[in-house]
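Everything below concerns the one structure shown next.
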There are 2 protein chains.
Amino acid sequence: MSQLRPVVREARSVSPATTRDEGGAREHGPPSTSVTVDVVLLTLRAGRLCVLVIQRDEPPFQDYWALPGGFVDADEDLDSSARRQLAEETGVTAAGHLEQLYTYGDPGRDPRTRVVSVAYLALLPNLPQPEPGRRGQQARWWPVEDLDSPEGPTLAFDHPRIVADGVERARSKLEYTPMAAAFCEEPFTLADLRRVYEAAWGVSLDPPNFRRKVLSTPDFVVPVGAVSSPRGGGRPAQLYRRASATALYPPLLRRSV
Amino acid sequence: MSQLRPVVREARSVSPATTRDEGGAREHGPPSTSVTVDVVLLTLRAGRLCVLVIQRDEPPFQDYWALPGGFVDADEDLDSSARRQLAEETGVTAAGHLEQLYTYGDPGRDPRTRVVSVAYLALLPNLPQPEPGRRGQQARWWPVEDLDSPEGPTLAFDHPRIVADGVERARSKLEYTPMAAAFCEEPFTLADLRRVYEAAWGVSLDPPNFRRKVLSTPDFVVPVGAVSSPRGGGRPAQLYRRASATALYPPLLRRSV
DNA sequence: CCAAAAGTGTTCTCGGTACACCCATGC
DNA sequence: GCATGGGTGTACCGAGAACACTTTTGG
């Protein structure tokens, strides 16, 4: 059994940025570390869930693909930094959905120096195909299912894991939050929204049941009172926009995880 | 609409620790930052969910209560650092449950310098009352419901928010993971397990239904084949230990969020 | 004996599924 | 007209809620 005791060797400090362990057995002053933000930007393109990656144009991992990201400025908070990196590296300024994902800090995840990276997850509606960057640097969307395949991109650093974590977070949060709507340009139809779930989960959902489920969840979506013009046959669909819900109760569960 | 384009001003790097923006409009080299880990350690004491806090013995926030934590060493990963802080500051070495919670990096969250703190959530069975620390530094458990009350402790830094986030994470993950068992000393009865949910959610659950729910979830718990000795009346209960499940499907949902 | 807690059985209800069917549009 | 997709109705099924009841212990 473990004992609970304060173990106050000396005047130990207990929290951020204090000189500490004066007289303690170990020395660990405040080692300085680089803190970066990396963004897993997901969107839906042609019914497939895709992630934005940028080709690196310098070592290490030159010519590998990497997530947009960079250093956190001295005076900015983490969320702002994520928004800034996204704007600077991809031109994306749309609101969409942005949330902190996870923080990666293994020593050695960057071969040069200690870097702790706070990863963010961003969801946006489909955007134009990125132009090739000047100087050979390219940005492009990769369908997430192709990331493991041989013809998929080789990702730099520990970005394969970060992307995997981001995709899993997105898939999972679709269940109990209304964040699927962040993938849809407003106004959207319920079929648009359904296709988000179908693409993200790789399933097909029954349209009538999906409709009832979404409409019975208070403040998930609200009708805008107009209908879409069907493209190539079919009855026009009601149009909706996101509403104020922050959670779905009961959730919209995937089959059997 | 936002445009998607690489915006490669110059030889922009896109990921950790690269000299960057040579020739770009803004300068933001790699600013060095202190990275700490803070641990929200939760346990159950007398049917109440409690968090461990340590009284600070030096400025800033002298005499305020704070979460155990400290600097991440140059060569350790974040999870190891969290385990180390817990062991050094509270003597806790038990396995329990430990997961990364969230990363807090607002400039100004520490009045002295920029500190990015990676918070962890730890769950443990009830532990002995901590002795008062030498040199006046004390560690103690606070019931989480008392944290906002006037007679509750005044928490340092942004620790009130971190504790609130940790408690909410724990409450929420009880629904869809078997992590409630981390609060129970093995072997435990189903009543022990039920009391975890009741304390964390502030509800009372129907024992028969709870029993069926837990036992019908594959690999949530396994019987050890012994029974508890009832304390003061009542039929002896079967004893169980944690099994291999990592998720509960279907989840054990709280009433109406 | 009674009280207390474990454990079983049973009914009811509600949400999800499956699927038949109707509606409105493009061609 | 026919194909296509939107939208409604409905019957079935399974999990959860509520609660009566039995079992096994301490006093």
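Identifiers in the structure tokens: chain A, B, ... in order shown; residue index from 1 per chain; ligand index from 1 in order shown.
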
Please identify all polymer residues within 7 Å of segment 1-18 of chain D, counting only C-alpha atoms (C1' of nucleotides), omitting same-chain residues fewer than 2 positions from it, and present them as a list in words.
->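 Once the nearby chain positions are removed, what remains is Gly233, Gly234, Arg235, Pro236 and Ala237 of chain A.
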
Using all heavy atoms, can you export the residues from the last selection as a short mmCIF file (atom, residue, chain, number, x, y, z; two decimals), in the first residue's frame?
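Saved as part.cif:
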data_model
loop_
_atom_site.label_atom_id
_atom_site.label_comp_id
_atom_site.auth_asym_id
_atom_site.auth_seq_id
_atom_site.Cartn_x
_atom_site.Cartn_y
_atom_site.Cartn_z
N GLY A 233 -32.39 15.57 -59.47
CA GLY A 233 -33.46 14.69 -59.04
C GLY A 233 -33.59 14.58 -57.55
O GLY A 233 -32.62 14.64 -56.82
N GLY A 234 -34.80 14.42 -57.10
CA GLY A 234 -35.06 14.30 -55.69
C GLY A 234 -35.80 15.49 -55.14
O GLY A 234 -35.71 16.60 -55.66
N ARG A 235 -36.51 15.23 -54.07
CA ARG A 235 -37.30 16.28 -53.46
C ARG A 235 -36.39 17.29 -52.76
O ARG A 235 -35.40 16.89 -52.15
CB ARG A 235 -38.23 15.61 -52.45
CG ARG A 235 -39.03 16.54 -51.59
CD ARG A 235 -40.01 15.72 -50.78
NE ARG A 235 -40.62 16.46 -49.72
CZ ARG A 235 -41.54 15.94 -48.90
NH1 ARG A 235 -41.90 14.67 -49.04
NH2 ARG A 235 -42.08 16.67 -47.96
N PRO A 236 -36.69 18.57 -52.83
CA PRO A 236 -35.85 19.57 -52.13
C PRO A 236 -35.90 19.33 -50.63
O PRO A 236 -36.93 18.91 -50.09
CB PRO A 236 -36.52 20.91 -52.47
CG PRO A 236 -37.43 20.63 -53.62
CD PRO A 236 -37.82 19.19 -53.53
N ALA A 237 -34.78 19.56 -49.98
CA ALA A 237 -34.69 19.29 -48.55
C ALA A 237 -34.75 20.58 -47.75
O ALA A 237 -34.29 21.63 -48.21
CB ALA A 237 -33.38 18.56 -48.24
#

So which residues of segment 24-242 of chain B fall under helix (DSSP H, G or I) by DSSP, listed as a PyMOL selection string?
-> chain B and resi 78-90+134-136+144-146+159-176+179-183+190-201+207-216

How far is it from atom CA of Ser204 of chain A to atom CA of Phe188 of chain A, in Å with one decimal?
->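 Taking atom CA of Ser204 of chain A as the start and atom CA of Phe188 of chain A as the end point, the length is 18.7 Å.
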
With a cut-off of 12 Å and counting only C-alpha atoms (C1' of nucleotides), select all residues of chain B in contact with chain C and give the selection as a ChimeraX atom specification.
-> /B:189-191,207-212,227-239

Leu67 of chain B: which residues within 10 Å, counting only C-alpha atoms (C1' of nucleotides), same-chain residues fewer than 2 positions away excluded, as JSON, numbers by chain?
-> {"A": [14, 15], "B": [37, 38, 39, 40, 41, 51, 52, 53, 54, 55, 56, 65, 69, 70, 86, 89, 119, 139, 155, 156, 157, 159, 160, 162, 163]}

Specify as a ChimeraX atom specification all residues of chain D found within 7 Å of chain B, counting only C-alpha atoms (C1' of nucleotides).
-> /D:24-26

Using only C-alpha atoms, which of A:Trp201, A:Tyr104, A:Tyr64, A:Tyr120 sits nearest chain B?
->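 Nearest to chain B: A:Tyr104.
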
Have a look at atom CA of Gln85 of chain B and atom CA of Arg114 of chain A and let me know their distance in Å, one decimal.
->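 Computed distance, atom CA of Gln85 of chain B to atom CA of Arg114 of chain A, equals 19.6 Å.
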
Hey, can you check how far atom CA of Leu98 of chain A sits from atom CA of Leu121 of chain A?
-> 5.7 Å

For chain B, the nearest of the candidates A:Ser80, A:Asn126, A:Thr90, A:Ser244, counting only C-alpha atoms =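 Distance minimum relative to chain B lands on A:Thr90.
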
Can you list, as a PyMOL selection string, all residues belonging to segment 70-153 of chain B that DSSP tags as strand (DSSP E)?
-> chain B and resi 70-71+97-104+115-123+139-143

Nearest to chain B, chosen from A:Leu42, A:Val222, A:Ala170, A:Leu253, with only C-alpha atoms counted in the distances | A:Leu253

Choose the residue, out of B:Val203, B:Ala181, B:Ala247, B:Val224, that has the smallest atom-to-atom separation from chain A; count only C-alpha atoms.
->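 Nearest candidate to chain A out of B:Val203, B:Ala181, B:Ala247, B:Val224: B:Ala247.
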
Compile the contact shell of Phe183 of chain A as a PDB file with N, CA and C atoms, in the first residue's frame: residues with an atom at most 7 Å away, counting only C-alpha atoms (C1' of nucleotides), same-chain residues fewer than 4 positions apart removed.
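Saved as part.pdb:
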ATOM      1  N   THR A  43     -11.571  17.902 -42.466  1.00  0.00           N
ATOM      2  CA  THR A  43     -12.704  18.361 -43.265  1.00  0.00           C
ATOM      3  C   THR A  43     -13.274  17.174 -44.013  1.00  0.00           C
ATOM      4  N   LEU A  44     -14.378  17.419 -44.709  1.00  0.00           N
ATOM      5  CA  LEU A  44     -14.989  16.376 -45.523  1.00  0.00           C
ATOM      6  C   LEU A  44     -14.826  16.751 -46.976  1.00  0.00           C
ATOM      7  N   LEU A 123     -12.113  21.521 -36.988  1.00  0.00           N
ATOM      8  CA  LEU A 123     -13.058  20.955 -37.953  1.00  0.00           C
ATOM      9  C   LEU A 123     -13.615  22.085 -38.800  1.00  0.00           C
ATOM     10  N   LEU A 124     -13.607  21.887 -40.098  1.00  0.00           N
ATOM     11  CA  LEU A 124     -14.104  22.925 -40.988  1.00  0.00           C
ATOM     12  C   LEU A 124     -14.874  22.292 -42.133  1.00  0.00           C
ATOM     13  N   PRO A 125     -15.787  23.055 -42.735  1.00  0.00           N
ATOM     14  CA  PRO A 125     -16.446  22.569 -43.945  1.00  0.00           C
ATOM     15  C   PRO A 125     -15.413  22.473 -45.061  1.00  0.00           C
ATOM     16  N   VAL A 196     -21.769  13.437 -42.829  1.00  0.00           N
ATOM     17  CA  VAL A 196     -20.621  13.633 -41.929  1.00  0.00           C
ATOM     18  C   VAL A 196     -20.417  12.386 -41.079  1.00  0.00           C
TER      19      VAL A 196
END

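The residue that comes closest to chain A, out of B:Gly202, B:Pro107, B:Gly96, B:Pro178 and on the basis of only C-alpha atoms, is B:Pro107.
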